file work.txt (compact mmCIF, C-alpha atoms)
# COMPACT_ATOMS: atom_id res chain seq x y z
CA MET U 1 -50.05 -32.83 -8.31
CA ASN U 2 -50.51 -29.25 -7.06
CA THR U 3 -53.38 -27.32 -8.60
CA MET U 4 -52.51 -23.75 -9.46
CA THR U 5 -54.87 -21.16 -8.00
CA TYR U 6 -55.49 -17.99 -9.98
CA GLU U 7 -57.38 -16.12 -7.30
CA THR U 8 -56.21 -12.81 -5.88
CA LEU U 9 -56.06 -12.29 -2.12
CA LYS U 10 -59.35 -10.94 -0.75
CA GLY U 11 -59.06 -7.17 -0.44
CA THR U 12 -56.72 -6.95 -3.45
CA SER U 13 -57.52 -7.02 -7.16
CA ASP U 14 -56.09 -6.87 -10.64
CA LEU U 15 -56.60 -3.50 -12.26
CA GLU U 16 -58.16 -4.14 -15.65
CA PRO U 17 -57.70 -1.33 -18.19
CA LYS U 18 -61.23 0.01 -17.60
CA ASP U 19 -60.61 0.25 -13.84
CA ALA U 20 -57.10 1.64 -14.27
CA ILE U 21 -58.52 4.36 -16.55
CA LYS U 22 -61.01 5.34 -13.82
CA ILE U 23 -58.24 5.57 -11.25
CA ASN U 24 -55.87 7.45 -13.55
CA ASN U 25 -58.56 10.01 -14.38
CA VAL U 26 -58.99 10.75 -10.66
CA LEU U 27 -55.24 10.70 -9.96
CA ASN U 28 -54.52 13.02 -12.89
CA THR U 29 -57.01 15.55 -11.50
CA LEU U 30 -55.51 15.32 -8.01
CA LYS U 31 -51.90 15.59 -9.23
CA LYS U 32 -52.78 18.60 -11.38
CA ASN U 33 -54.41 20.33 -8.41
CA PHE U 34 -51.54 19.47 -6.04
CA GLU U 35 -49.15 21.16 -8.43
CA LEU U 36 -51.50 24.15 -8.93
CA PHE U 37 -51.10 24.78 -5.18
CA GLY U 38 -47.30 24.49 -5.34
CA PHE U 39 -46.83 20.95 -4.00
CA ARG U 40 -43.92 18.89 -5.36
CA PRO U 41 -43.97 15.13 -6.10
CA PHE U 42 -42.34 12.73 -3.63
CA ASP U 43 -42.04 8.95 -3.23
CA SER U 44 -40.75 6.49 -0.62
CA PRO U 45 -40.04 2.74 -0.32
CA LEU U 46 -42.95 0.31 0.03
CA ILE U 47 -40.94 -1.59 2.67
CA GLU U 48 -39.79 0.08 5.89
CA PHE U 49 -38.06 -1.12 9.04
CA TRP U 50 -40.58 -2.44 11.55
CA ASP U 51 -39.44 0.04 14.21
CA THR U 52 -40.03 2.95 11.81
CA LEU U 53 -43.61 1.84 11.21
CA THR U 54 -44.49 1.11 14.83
CA MET U 55 -42.57 3.63 16.93
CA LYS U 56 -45.64 5.84 17.49
CA TYR U 57 -47.93 3.05 18.67
CA GLU U 58 -48.36 0.46 21.42
CA GLU U 59 -47.50 -3.09 20.36
CA ASP U 60 -51.14 -4.25 20.61
CA SER U 61 -52.69 -1.19 18.94
CA GLU U 62 -55.10 -1.61 16.03
CA ILE U 63 -52.81 -0.08 13.42
CA VAL U 64 -49.84 -2.26 14.43
CA ASN U 65 -52.03 -5.36 14.14
CA GLU U 66 -52.93 -4.29 10.59
CA ILE U 67 -49.33 -3.97 9.32
CA PHE U 68 -48.19 -6.66 6.87
CA LYS U 69 -45.04 -8.15 8.40
CA VAL U 70 -42.10 -9.27 6.23
CA GLU U 71 -38.49 -10.33 6.75
CA ASP U 72 -35.44 -10.07 4.52
CA ARG U 73 -32.67 -12.66 4.14
CA GLY U 74 -30.95 -11.21 7.19
CA GLU U 75 -34.11 -11.96 9.20
CA ARG U 76 -34.61 -8.28 9.96
CA LYS U 77 -38.15 -7.29 10.94
CA LEU U 78 -39.72 -5.20 8.20
CA GLY U 79 -43.23 -4.18 7.19
CA LEU U 80 -45.20 -2.78 4.28
CA ARG U 81 -46.06 0.90 4.66
CA TYR U 82 -49.61 1.42 5.88
CA ASP U 83 -49.77 5.16 5.14
CA LEU U 84 -47.72 7.91 3.50
CA THR U 85 -47.27 10.13 6.57
CA THR U 86 -44.90 7.78 8.41
CA PRO U 87 -42.34 7.73 5.54
CA LEU U 88 -42.58 11.53 5.36
CA CYS U 89 -41.82 11.85 9.08
CA ARG U 90 -38.88 9.47 8.71
CA TYR U 91 -37.55 11.41 5.69
CA VAL U 92 -37.79 14.84 7.35
CA SER U 93 -36.19 13.50 10.56
CA ALA U 94 -33.31 12.03 8.55
CA ASN U 95 -32.76 15.31 6.66
CA PRO U 96 -32.54 18.13 9.22
CA GLN U 97 -31.06 20.45 6.56
CA LEU U 98 -34.29 20.25 4.52
CA LYS U 99 -35.50 23.67 3.35
CA LYS U 100 -38.80 24.55 5.01
CA PRO U 101 -41.63 24.97 4.47
CA PHE U 102 -41.46 21.64 2.64
CA ARG U 103 -44.56 21.11 0.49
CA ARG U 104 -44.87 17.66 -0.99
CA TYR U 105 -47.55 15.45 -2.51
CA HIS U 106 -47.29 11.69 -2.56
CA VAL U 107 -49.46 9.24 -4.50
CA GLY U 108 -48.70 5.58 -3.84
CA LYS U 109 -49.95 2.21 -2.69
CA VAL U 110 -50.26 1.34 0.99
CA PHE U 111 -51.22 -1.92 2.68
CA ARG U 112 -53.39 -2.79 5.69
CA ASP U 113 -54.42 -6.21 6.92
CA GLY U 114 -57.62 -4.92 8.51
CA PRO U 115 -61.34 -5.77 8.37
CA LEU U 116 -62.82 -5.57 4.88
CA LYS U 117 -66.02 -3.76 3.91
CA LYS U 118 -67.33 -1.55 1.09
CA GLY U 119 -64.68 1.12 0.61
CA ARG U 120 -62.04 -0.69 2.74
CA VAL U 121 -59.52 -3.04 1.10
CA ARG U 122 -56.05 -4.41 1.88
CA GLU U 123 -54.11 -2.75 -0.92
CA PHE U 124 -55.01 0.76 -1.97
CA TYR U 125 -53.71 4.12 -3.12
CA GLN U 126 -53.31 7.09 -0.84
CA CYS U 127 -53.05 10.60 -2.22
CA ASP U 128 -51.53 13.00 0.31
CA ALA U 129 -50.43 16.61 0.37
CA ASP U 130 -48.48 17.85 3.41
CA VAL U 131 -46.70 21.00 4.49
CA VAL U 132 -43.84 20.67 6.99
CA GLY U 133 -42.46 23.72 8.79
CA GLN U 134 -45.48 26.00 8.62
CA ASP U 135 -47.76 26.68 11.59
CA GLY U 136 -50.99 28.67 11.78
CA GLN U 137 -54.46 28.28 10.37
CA GLU U 138 -53.62 30.12 7.12
CA ILE U 139 -51.98 27.05 5.58
CA GLU U 140 -54.76 24.82 6.92
CA ALA U 141 -57.34 26.95 5.10
CA GLU U 142 -55.35 26.64 1.87
CA LEU U 143 -55.21 22.86 2.23
CA LEU U 144 -58.97 22.69 2.77
CA ASP U 145 -59.48 24.86 -0.31
CA LEU U 146 -57.38 22.33 -2.26
CA PHE U 147 -59.38 19.48 -0.70
CA SER U 148 -62.75 21.02 -1.51
CA SER U 149 -61.93 22.27 -5.03
CA SER U 150 -60.48 18.88 -6.05
CA TYR U 151 -63.63 17.00 -5.06
CA LYS U 152 -65.72 19.64 -6.82
CA GLU U 153 -63.72 19.20 -10.04
CA LEU U 154 -64.24 15.44 -9.83
CA GLY U 155 -68.00 16.10 -9.77
CA LEU U 156 -68.70 15.27 -6.11
CA ASP U 157 -70.74 17.30 -3.64
CA VAL U 158 -68.54 17.06 -0.54
CA VAL U 159 -68.89 18.56 2.94
CA LEU U 160 -65.90 18.81 5.28
CA GLU U 161 -66.47 17.84 8.91
CA LEU U 162 -64.21 19.82 11.27
CA ASN U 163 -63.05 19.61 14.87
CA ASN U 164 -59.95 20.19 16.99
CA ASN U 165 -58.38 17.46 19.12
CA LYS U 166 -57.73 20.03 21.87
CA ILE U 167 -61.50 20.48 22.22
CA LEU U 168 -61.93 16.73 22.77
CA ARG U 169 -59.12 16.55 25.29
CA GLY U 170 -60.20 19.70 27.10
CA ALA U 171 -63.85 18.63 27.36
CA LEU U 172 -62.85 15.34 28.99
CA LEU U 173 -60.24 16.85 31.29
CA SER U 174 -62.70 19.48 32.52
CA SER U 175 -65.25 16.69 33.09
CA GLY U 176 -62.88 14.80 35.39
CA ALA U 177 -60.95 12.42 33.13
CA ASN U 178 -57.20 11.97 33.57
CA GLU U 179 -54.62 12.04 30.78
CA LYS U 180 -54.13 8.26 30.72
CA GLU U 181 -57.83 7.64 30.08
CA LEU U 182 -58.30 10.19 27.29
CA SER U 183 -57.63 7.91 24.31
CA SER U 184 -60.03 5.25 25.56
CA TYR U 185 -62.84 7.74 26.22
CA ILE U 186 -62.33 9.45 22.85
CA LEU U 187 -62.36 6.18 20.88
CA SER U 188 -65.87 5.60 22.24
CA ILE U 189 -67.11 9.20 21.91
CA ASP U 190 -65.98 9.23 18.25
CA LYS U 191 -68.74 6.64 17.60
CA LEU U 192 -71.49 8.99 18.83
CA LYS U 193 -72.99 9.41 15.34
CA LYS U 194 -73.09 5.65 14.74
CA ILE U 195 -74.20 4.18 18.09
CA GLN U 196 -75.77 7.21 19.80
CA ILE U 197 -75.18 8.23 23.41
CA GLU U 198 -76.61 4.99 24.85
CA GLY U 199 -74.16 2.91 22.85
CA VAL U 200 -71.22 5.12 23.82
CA LEU U 201 -72.10 4.89 27.52
CA ARG U 202 -72.44 1.10 27.32
CA GLU U 203 -69.00 0.90 25.72
CA VAL U 204 -67.55 3.24 28.38
CA LYS U 205 -69.03 1.02 31.11
CA ASP U 206 -67.60 -2.11 29.47
CA LYS U 207 -64.17 -0.45 29.58
CA LYS U 208 -64.69 0.18 33.32
CA LEU U 209 -64.48 3.94 32.75
CA ASN U 210 -66.63 6.53 34.53
CA GLN U 211 -69.98 7.03 32.76
CA ASP U 212 -70.64 10.36 34.51
CA ILE U 213 -67.42 11.78 33.06
CA ALA U 214 -68.46 10.58 29.61
CA LYS U 215 -71.96 12.10 30.02
CA LYS U 216 -70.53 15.49 31.01
CA ALA U 217 -68.09 15.49 28.07
CA ILE U 218 -70.76 14.39 25.59
CA LYS U 219 -73.07 17.16 26.80
CA ILE U 220 -70.33 19.69 26.02
CA LEU U 221 -69.38 18.10 22.70
CA SER U 222 -73.03 17.93 21.57
CA LEU U 223 -73.24 21.74 21.45
CA LYS U 224 -73.74 23.15 17.96
CA THR U 225 -71.70 26.36 17.80
CA LEU U 226 -68.29 27.62 18.84
CA GLU U 227 -69.97 30.41 20.82
CA GLU U 228 -71.92 27.89 22.92
CA LEU U 229 -68.82 25.77 23.31
CA LYS U 230 -66.67 28.67 24.50
CA ASN U 231 -68.85 29.22 27.57
CA SER U 232 -69.03 25.54 28.56
CA SER U 233 -65.50 25.12 29.99
CA GLU U 234 -62.59 27.29 31.09
CA ASN U 235 -59.99 24.59 30.43
CA ILE U 236 -56.99 26.29 28.72
CA LEU U 237 -56.45 23.48 26.19
CA PHE U 238 -60.16 23.51 25.36
CA GLN U 239 -60.13 27.27 24.75
CA GLU U 240 -57.01 27.00 22.54
CA GLY U 241 -58.80 24.45 20.37
CA ILE U 242 -61.85 26.70 20.04
CA GLU U 243 -59.73 29.66 18.91
CA GLU U 244 -57.78 27.57 16.36
CA LEU U 245 -61.00 26.16 14.93
CA ARG U 246 -62.62 29.61 14.88
CA ASP U 247 -59.69 31.07 12.91
CA LEU U 248 -59.88 28.20 10.40
CA THR U 249 -63.64 28.47 9.85
CA LYS U 250 -63.43 32.24 9.29
CA SER U 251 -60.87 31.70 6.50
CA ILE U 252 -62.61 28.85 4.70
CA LEU U 253 -65.96 30.65 4.77
CA LYS U 254 -64.36 33.32 2.58
CA LEU U 255 -62.93 30.62 0.28
CA GLY U 256 -66.37 29.07 -0.26
CA VAL U 257 -65.53 25.72 1.39
CA THR U 258 -68.60 23.75 2.51
CA PHE U 259 -68.19 22.48 6.07
CA ARG U 260 -69.96 21.52 9.29
CA LEU U 261 -68.70 21.28 12.86
CA ASN U 262 -68.70 17.98 14.74
CA PHE U 263 -67.14 18.38 18.18
CA SER U 264 -67.14 14.61 18.78
CA LEU U 265 -65.06 13.92 15.63
CA SER U 266 -61.75 12.32 16.58
CA ARG U 267 -58.66 11.48 14.61
CA GLY U 268 -55.45 9.81 15.86
CA LEU U 269 -55.09 11.27 19.32
CA ASP U 270 -51.43 10.12 19.39
CA ILE U 271 -50.81 11.89 16.06
CA TYR U 272 -52.95 14.99 15.61
CA THR U 273 -52.34 18.06 17.77
CA GLY U 274 -54.89 20.62 16.57
CA ASN U 275 -57.53 21.05 13.86
CA ILE U 276 -58.72 17.84 12.18
CA TRP U 277 -61.12 17.12 9.31
CA GLU U 278 -62.87 14.44 7.30
CA ALA U 279 -64.60 14.72 3.91
CA TYR U 280 -68.05 13.19 3.38
CA ASP U 281 -70.38 12.87 0.42
CA ASN U 282 -73.05 15.52 1.03
CA THR U 283 -75.71 13.42 -0.73
CA ASN U 284 -75.08 10.39 1.54
CA THR U 285 -74.45 8.15 -1.46
CA ILE U 286 -71.67 6.52 0.55
CA SER U 287 -71.25 6.73 4.32
CA SER U 288 -67.48 6.21 4.47
CA SER U 289 -65.15 9.18 4.76
CA LEU U 290 -63.78 10.20 1.35
CA GLY U 291 -60.66 11.81 2.81
CA SER U 292 -59.19 13.20 6.00
CA GLY U 293 -56.31 15.03 7.61
CA GLY U 294 -55.21 17.52 10.22
CA ARG U 295 -52.31 19.12 12.07
CA TYR U 296 -49.61 16.91 13.62
CA ASP U 297 -46.91 19.16 15.10
CA LYS U 298 -45.20 16.69 17.47
CA VAL U 299 -44.75 13.60 15.32
CA ILE U 300 -41.68 14.53 13.28
CA GLY U 301 -39.76 15.66 16.37
CA GLU U 302 -40.58 12.35 18.04
CA TYR U 303 -39.23 10.46 15.03
CA ALA U 304 -36.01 12.44 15.45
CA ASN U 305 -35.94 11.55 19.18
CA SER U 306 -36.27 15.24 19.92
CA SER U 307 -38.67 17.42 21.87
CA GLU U 308 -38.55 19.95 19.03
CA ILE U 309 -41.93 21.00 17.67
CA ILE U 310 -41.85 20.78 13.87
CA PRO U 311 -45.16 22.11 12.49
CA ALA U 312 -46.82 19.75 10.02
CA VAL U 313 -50.28 19.57 8.47
CA GLY U 314 -51.78 17.50 5.67
CA ILE U 315 -54.74 16.14 3.72
CA SER U 316 -55.29 12.64 2.37
CA PHE U 317 -57.74 11.67 -0.39
CA GLY U 318 -59.31 8.22 -0.07
CA LEU U 319 -59.14 6.93 -3.64
CA VAL U 320 -61.23 3.75 -3.17
CA PRO U 321 -64.28 5.39 -1.53
CA THR U 322 -63.99 8.33 -3.95
CA ILE U 323 -64.15 5.98 -6.97
CA ILE U 324 -67.08 4.09 -5.41
CA CYS U 325 -68.91 7.38 -4.84
CA LEU U 326 -68.24 8.51 -8.42
CA GLU U 327 -69.60 5.20 -9.74
CA GLU U 328 -72.73 5.53 -7.60
CA VAL U 329 -73.50 8.96 -9.01
CA SER U 330 -72.48 7.89 -12.55
CA LYS U 331 -69.70 10.45 -12.85
CA VAL U 332 -66.91 8.07 -13.73
CA ASN U 333 -65.56 7.20 -17.17
CA THR U 334 -66.44 3.59 -18.06
CA LYS U 335 -64.58 3.45 -21.39
CA GLU U 336 -62.42 0.38 -22.00
CA GLY U 337 -59.68 2.36 -23.71
CA ILE U 338 -57.94 5.70 -23.92
CA THR U 339 -57.65 5.77 -27.71
CA GLN U 340 -59.15 8.95 -29.18
CA LEU U 341 -58.39 8.28 -32.84
CA LEU U 342 -58.34 4.89 -34.58
CA ILE U 343 -56.63 4.67 -38.00
CA VAL U 344 -57.67 1.66 -40.10
CA PRO U 345 -55.45 0.75 -43.08
CA LEU U 346 -57.44 -1.55 -45.39
CA SER U 347 -54.38 -3.45 -46.62
CA ILE U 348 -50.77 -4.00 -45.68
CA ASP U 349 -49.77 -1.61 -48.48
CA CYS U 350 -51.51 1.24 -46.59
CA VAL U 351 -49.71 0.64 -43.28
CA THR U 352 -46.72 2.94 -43.75
CA ILE U 353 -48.90 5.94 -44.64
CA ALA U 354 -51.27 5.07 -41.76
CA GLN U 355 -48.30 5.10 -39.36
CA GLU U 356 -47.09 8.45 -40.74
CA ILE U 357 -50.56 9.95 -40.21
CA ALA U 358 -50.61 8.49 -36.67
CA GLN U 359 -47.27 10.19 -35.97
CA LYS U 360 -48.77 13.55 -36.95
CA TYR U 361 -51.72 13.23 -34.54
CA ARG U 362 -49.59 11.90 -31.68
CA LYS U 363 -47.36 14.98 -31.99
CA GLU U 364 -50.52 17.04 -31.53
CA GLY U 365 -51.19 15.16 -28.27
CA LYS U 366 -54.02 12.93 -29.49
CA ASN U 367 -54.05 9.28 -28.33
CA THR U 368 -53.84 7.47 -31.67
CA GLU U 369 -53.88 3.75 -32.45
CA VAL U 370 -53.41 1.93 -35.78
CA PHE U 371 -55.65 -1.13 -36.33
CA TYR U 372 -53.84 -3.89 -38.23
CA GLN U 373 -56.63 -6.38 -39.06
CA TYR U 374 -57.52 -4.72 -42.42
CA SER U 375 -61.27 -5.09 -41.91
CA MET U 376 -63.80 -2.26 -41.63
CA LYS U 377 -66.31 -4.51 -39.85
CA LYS U 378 -63.77 -5.54 -37.18
CA ALA U 379 -62.52 -1.95 -36.90
CA PHE U 380 -66.00 -0.60 -36.09
CA LYS U 381 -66.55 -3.31 -33.46
CA TYR U 382 -63.15 -2.53 -31.94
CA SER U 383 -63.79 1.22 -31.90
CA ASP U 384 -67.15 0.65 -30.15
CA TYR U 385 -65.43 -1.52 -27.53
CA LEU U 386 -62.76 1.10 -26.81
CA GLY U 387 -65.09 4.08 -26.97
CA VAL U 388 -63.04 5.72 -29.73
CA GLU U 389 -64.09 9.25 -30.67
CA GLU U 390 -62.68 9.57 -34.21
CA LEU U 391 -61.91 7.20 -37.07
CA ILE U 392 -59.85 7.27 -40.27
CA ILE U 393 -60.38 4.56 -42.89
CA LEU U 394 -57.37 4.48 -45.23
CA GLY U 395 -57.56 2.59 -48.52
CA GLU U 396 -55.29 2.53 -51.57
CA LYS U 397 -57.66 4.94 -53.37
CA ASP U 398 -57.23 7.47 -50.54
CA ILE U 399 -53.45 7.17 -50.81
CA ASP U 400 -53.55 7.66 -54.59
CA GLN U 401 -55.64 10.82 -54.11
CA LYS U 402 -53.41 11.95 -51.20
CA LYS U 403 -56.36 12.59 -48.89
CA TYR U 404 -58.35 10.87 -46.18
CA ILE U 405 -61.62 11.36 -44.26
CA LEU U 406 -61.52 12.07 -40.50
CA LYS U 407 -64.88 10.97 -39.08
CA ASN U 408 -66.26 11.94 -35.66
CA LEU U 409 -68.16 8.88 -34.46
CA LYS U 410 -70.37 10.85 -32.05
CA SER U 411 -71.41 13.85 -34.14
CA LYS U 412 -71.08 11.98 -37.46
CA GLU U 413 -69.30 15.02 -38.87
CA GLN U 414 -66.59 14.36 -41.49
CA GLU U 415 -63.54 16.35 -42.56
CA GLU U 416 -61.51 15.77 -45.72
CA ILE U 417 -57.80 16.21 -45.07
CA LEU U 418 -54.95 16.33 -47.62
CA PHE U 419 -51.55 14.77 -46.93

call {"tool": "encode", "arguments": {"input": "work.txt", "output": "structure tokens"}}
result
Amino acid sequence: MNTMTYETLKGTSDLEPKDAIKINNVLNTLKKNFELFGFRPFDSPLIEFWDTLTMKYEEDSEIVNEIFKVEDRGERKLGLRYDLTTPLCRYVSANPQLKKPFRRYHVGKVFRDGPLKKGRVREFYQCDADVVGQDGQEIEAELLDLFSSSYKELGLDVVLELNNNKILRGALLSSGANEKELSSYILSIDKLKKIQIEGVLREVKDKKLNQDIAKKAIKILSLKTLEELKNSSENILFQEGIEELRDLTKSILKLGVTFRLNFSLSRGLDIYTGNIWEAYDNTNTISSSLGSGGRYDKVIGEYANSSEIIPAVGISFGLVPTIICLEEVSKVNTKEGITQLLIVPLSIDCVTIAQEIAQKYRKEGKNTEVFYQYSMKKAFKYSDYLGVEELIILGEKDIDQKKYILKNLKSKEQEEILF
């Protein structure tokens, strides 16, 4: 006899009401702010053709190895989406008549079969905002303002770490690297903060790459200011990256965005073409990135099998690490329910009036629940469990007198209301 297992797959979980409330509170803030900045909602299928998901990557790349593979009845190779940018690129490529600039936000689940750790799971929400068809640093500054102000509203002290992929490429090319080696060098240099220069050089040696080239590039990328950086190499690509990053930092300084420069920061060399960023908790409560993004001007054209440059730039909020960070700093709602007002009829004869009163408060936008167990003792226990703010006890005497008492459970204030 088979024994039923009730476990969930490691890296996935059921969302109990308390946890779903936490997530919804964050998502509601993000969606509100997306729309404040003029972004429109968008959605895409969870399942995509395998070729759509993998066309930008080598077969043995890390991201391809993390895709959940599925097949349909026709034995076609499919996969679960691992991010929200790939479906956007596919959509824009399939709709060349799309009015641009196209500003969309997308909140949805994505799936990755990768290594698990605190803040990294297999099934999780991504919350993205992207602009397609708009170049320049002006729109990048606006996105970083959205990024920064959203975290601030959630109650987190966040610093944005900035770089430009052209700076990384240019530093390596001017140090003697060739184009084919760039990705491998940069994957190691990106770990500079974690494993220090000795660790990076060991990794470079293990890859049979030139340590002297890595040393020269790291020396350049370890500089602290754009002014110092500008004088360290005459590589054209390198200088372009410096100017793009300079323009962005000038704008966000005026917008009050907190940031720091990290010239060794790398993001998706095959994807990002210019300025890149990651968001970190400024109090070091959690070390994982809370969000990221950047400019990716070549990707959509490549999806359309075209050499056309279609400007695109976006931000992505990491919901799981953001929730973890909020819990660590005790700025997350831990209530079990969303009920604001609980109405307690003391007998079945009071139910109809209780439901009519509930209708009135729901029309006013208050989350209202009627409790049908006709017991004050049970009602108070239930309201404590849910974290209810207000309570109405409705007995036959109240109905006869055509009035009831609205009690605030926190302030203990009471209001007599006629009906």

call {"tool": "atom_distance", "arguments": {"input": "work.txt", "atom1": "atom CA of Ala354 of chain U", "atom2": "atom CA of Ile405 of chain U"}}
result
12.4 Å

call {"tool": "atom_distance", "arguments": {"input": "work.txt", "atom1": "atom CA of Leu143 of chain U", "atom2": "atom CA of Gly318 of chain U"}}
result
15.4 Å

call {"tool": "residues_near_point", "arguments": {"input": "work.txt", "point": "(-50.1, 26.9, -6.2)", "cutoff": "12 Å", "atoms": "only C-alpha atoms", "output": "list in words"}}
result
Lys31, Lys32, Asn33, Phe34, Glu35, Leu36, Phe37, Gly38, Phe39, Arg40, Arg103, Arg104, Ile139, Glu142, Leu143, Asp145 and Leu146 of chain U

call {"tool": "closest_residue", "arguments": {"input": "work.txt", "among": "U:Lys208, U:Arg202, U:Arg267, U:Lys377", "to": "Ser183 of chain U", "atoms": "all atoms listed in the file"}}
result
U:Arg267

call {"tool": "residues_around", "arguments": {"input": "work.txt", "residues": "Asp400 of chain U", "least_positions_apart": "5", "cutoff": "12 Å", "atoms": "all atoms listed in the file", "output": "PyMOL selection string"}}
result
chain U and resi 349-350+353+394-395+418-419

call {"tool": "write_last_selection", "arguments": {"input": "work.txt", "atoms": "C-alpha atoms", "output": "PDB file, in the coordinates of the input"}}
result
ATOM      1  CA  ASP U 349     -49.770  -1.610 -48.480  1.00  0.00           C
ATOM      2  CA  CYS U 350     -51.510   1.240 -46.590  1.00  0.00           C
ATOM      3  CA  ILE U 353     -48.900   5.940 -44.640  1.00  0.00           C
ATOM      4  CA  LEU U 394     -57.370   4.480 -45.230  1.00  0.00           C
ATOM      5  CA  GLY U 395     -57.560   2.590 -48.520  1.00  0.00           C
ATOM      6  CA  LEU U 418     -54.950  16.330 -47.620  1.00  0.00           C
ATOM      7  CA  PHE U 419     -51.550  14.770 -46.930  1.00  0.00           C
TER       8      PHE U 419
END

call {"tool": "closest_residue", "arguments": {"input": "work.txt", "among": "U:Gly365, U:Gly337, U:Pro321, U:Pro311", "to": "Cys89 of chain U", "atoms": "only C-alpha atoms"}}
result
U:Pro311

call {"tool": "atom_distance", "arguments": {"input": "work.txt", "atom1": "atom CA of Glu153 of chain U", "atom2": "atom CA of Thr29 of chain U"}}
result
7.8 Å

call {"tool": "residues_around", "arguments": {"input": "work.txt", "residues": "segment 68-85 of chain U", "least_positions_apart": "5", "cutoff": "12 Å", "atoms": "all atoms listed in the file", "output": "ChimeraX atom specification"}}
result
/U:42-54,56,62-63,90-92,104-114,121-132,271-272,293-296,299-300,303,312-318

call {"tool": "residues_near_point", "arguments": {"input": "work.txt", "point": "(-60.5, 27.6, 8.5)", "cutoff": "9 Å", "atoms": "only C-alpha atoms", "output": "ChimeraX atom specification"}}
result
/U:137-138,140-142,144,244-253,257,275

call {"tool": "write_last_selection", "arguments": {"input": "work.txt", "atoms": "C-alpha atoms", "output": "PDB file, keeping the file's coordinate frame"}}
result
ATOM      1  CA  GLN U 137     -54.460  28.280  10.370  1.00  0.00           C
ATOM      2  CA  GLU U 138     -53.620  30.120   7.120  1.00  0.00           C
ATOM      3  CA  GLU U 140     -54.760  24.820   6.920  1.00  0.00           C
ATOM      4  CA  ALA U 141     -57.340  26.950   5.100  1.00  0.00           C
ATOM      5  CA  GLU U 142     -55.350  26.640   1.870  1.00  0.00           C
ATOM      6  CA  LEU U 144     -58.970  22.690   2.770  1.00  0.00           C
ATOM      7  CA  GLU U 244     -57.780  27.570  16.360  1.00  0.00           C
ATOM      8  CA  LEU U 245     -61.000  26.160  14.930  1.00  0.00           C
ATOM      9  CA  ARG U 246     -62.620  29.610  14.880  1.00  0.00           C
ATOM     10  CA  ASP U 247     -59.690  31.070  12.910  1.00  0.00           C
ATOM     11  CA  LEU U 248     -59.880  28.200  10.400  1.00  0.00           C
ATOM     12  CA  THR U 249     -63.640  28.470   9.850  1.00  0.00           C
ATOM     13  CA  LYS U 250     -63.430  32.240   9.290  1.00  0.00           C
ATOM     14  CA  SER U 251     -60.870  31.700   6.500  1.00  0.00           C
ATOM     15  CA  ILE U 252     -62.610  28.850   4.700  1.00  0.00           C
ATOM     16  CA  LEU U 253     -65.960  30.650   4.770  1.00  0.00           C
ATOM     17  CA  VAL U 257     -65.530  25.720   1.390  1.00  0.00           C
ATOM     18  CA  ASN U 275     -57.530  21.050  13.860  1.00  0.00           C
TER      19      ASN U 275
END

call {"tool": "closest_residue", "arguments": {"input": "work.txt", "among": "U:Glu7, U:Glu59, U:Glu336, U:Glu416", "to": "Tyr404 of chain U", "atoms": "only C-alpha atoms"}}
result
U:Glu416

call {"tool": "residues_around", "arguments": {"input": "work.txt", "residues": "segment 158-167 of chain U", "least_positions_apart": "5", "cutoff": "8 Å", "atoms": "all atoms listed in the file", "output": "mmCIF file with C-alpha atoms, in the frame of the given file"}}
result
data_model
loop_
_atom_site.group_PDB
_atom_site.id
_atom_site.type_symbol
_atom_site.label_atom_id
_atom_site.label_comp_id
_atom_site.auth_asym_id
_atom_site.auth_seq_id
_atom_site.Cartn_x
_atom_site.Cartn_y
_atom_site.Cartn_z
ATOM 1 C CA SER U 148 -62.750 21.020 -1.510
ATOM 2 C CA TYR U 151 -63.630 17.000 -5.060
ATOM 3 C CA LYS U 152 -65.720 19.640 -6.820
ATOM 4 C CA LEU U 237 -56.450 23.480 26.190
ATOM 5 C CA PHE U 238 -60.160 23.510 25.360
ATOM 6 C CA GLN U 239 -60.130 27.270 24.750
ATOM 7 C CA GLU U 240 -57.010 27.000 22.540
ATOM 8 C CA GLY U 241 -58.800 24.450 20.370
ATOM 9 C CA ILE U 242 -61.850 26.700 20.040
ATOM 10 C CA GLU U 244 -57.780 27.570 16.360
ATOM 11 C CA LEU U 245 -61.000 26.160 14.930
ATOM 12 C CA VAL U 257 -65.530 25.720 1.390
ATOM 13 C CA THR U 258 -68.600 23.750 2.510
ATOM 14 C CA PHE U 259 -68.190 22.480 6.070
ATOM 15 C CA ARG U 260 -69.960 21.520 9.290
ATOM 16 C CA LEU U 261 -68.700 21.280 12.860
ATOM 17 C CA ASN U 262 -68.700 17.980 14.740
ATOM 18 C CA PHE U 263 -67.140 18.380 18.180
ATOM 19 C CA SER U 264 -67.140 14.610 18.780
ATOM 20 C CA LEU U 265 -65.060 13.920 15.630
ATOM 21 C CA SER U 266 -61.750 12.320 16.580
ATOM 22 C CA ARG U 267 -58.660 11.480 14.610
ATOM 23 C CA LEU U 269 -55.090 11.270 19.320
ATOM 24 C CA TYR U 272 -52.950 14.990 15.610
ATOM 25 C CA THR U 273 -52.340 18.060 17.770
ATOM 26 C CA GLY U 274 -54.890 20.620 16.570
ATOM 27 C CA ASN U 275 -57.530 21.050 13.860
ATOM 28 C CA ILE U 276 -58.720 17.840 12.180
ATOM 29 C CA TRP U 277 -61.120 17.120 9.310
ATOM 30 C CA GLU U 278 -62.870 14.440 7.300
ATOM 31 C CA ALA U 279 -64.600 14.720 3.910
ATOM 32 C CA TYR U 280 -68.050 13.190 3.380
ATOM 33 C CA ASP U 281 -70.380 12.870 0.420
ATOM 34 C CA ASN U 282 -73.050 15.520 1.030
#
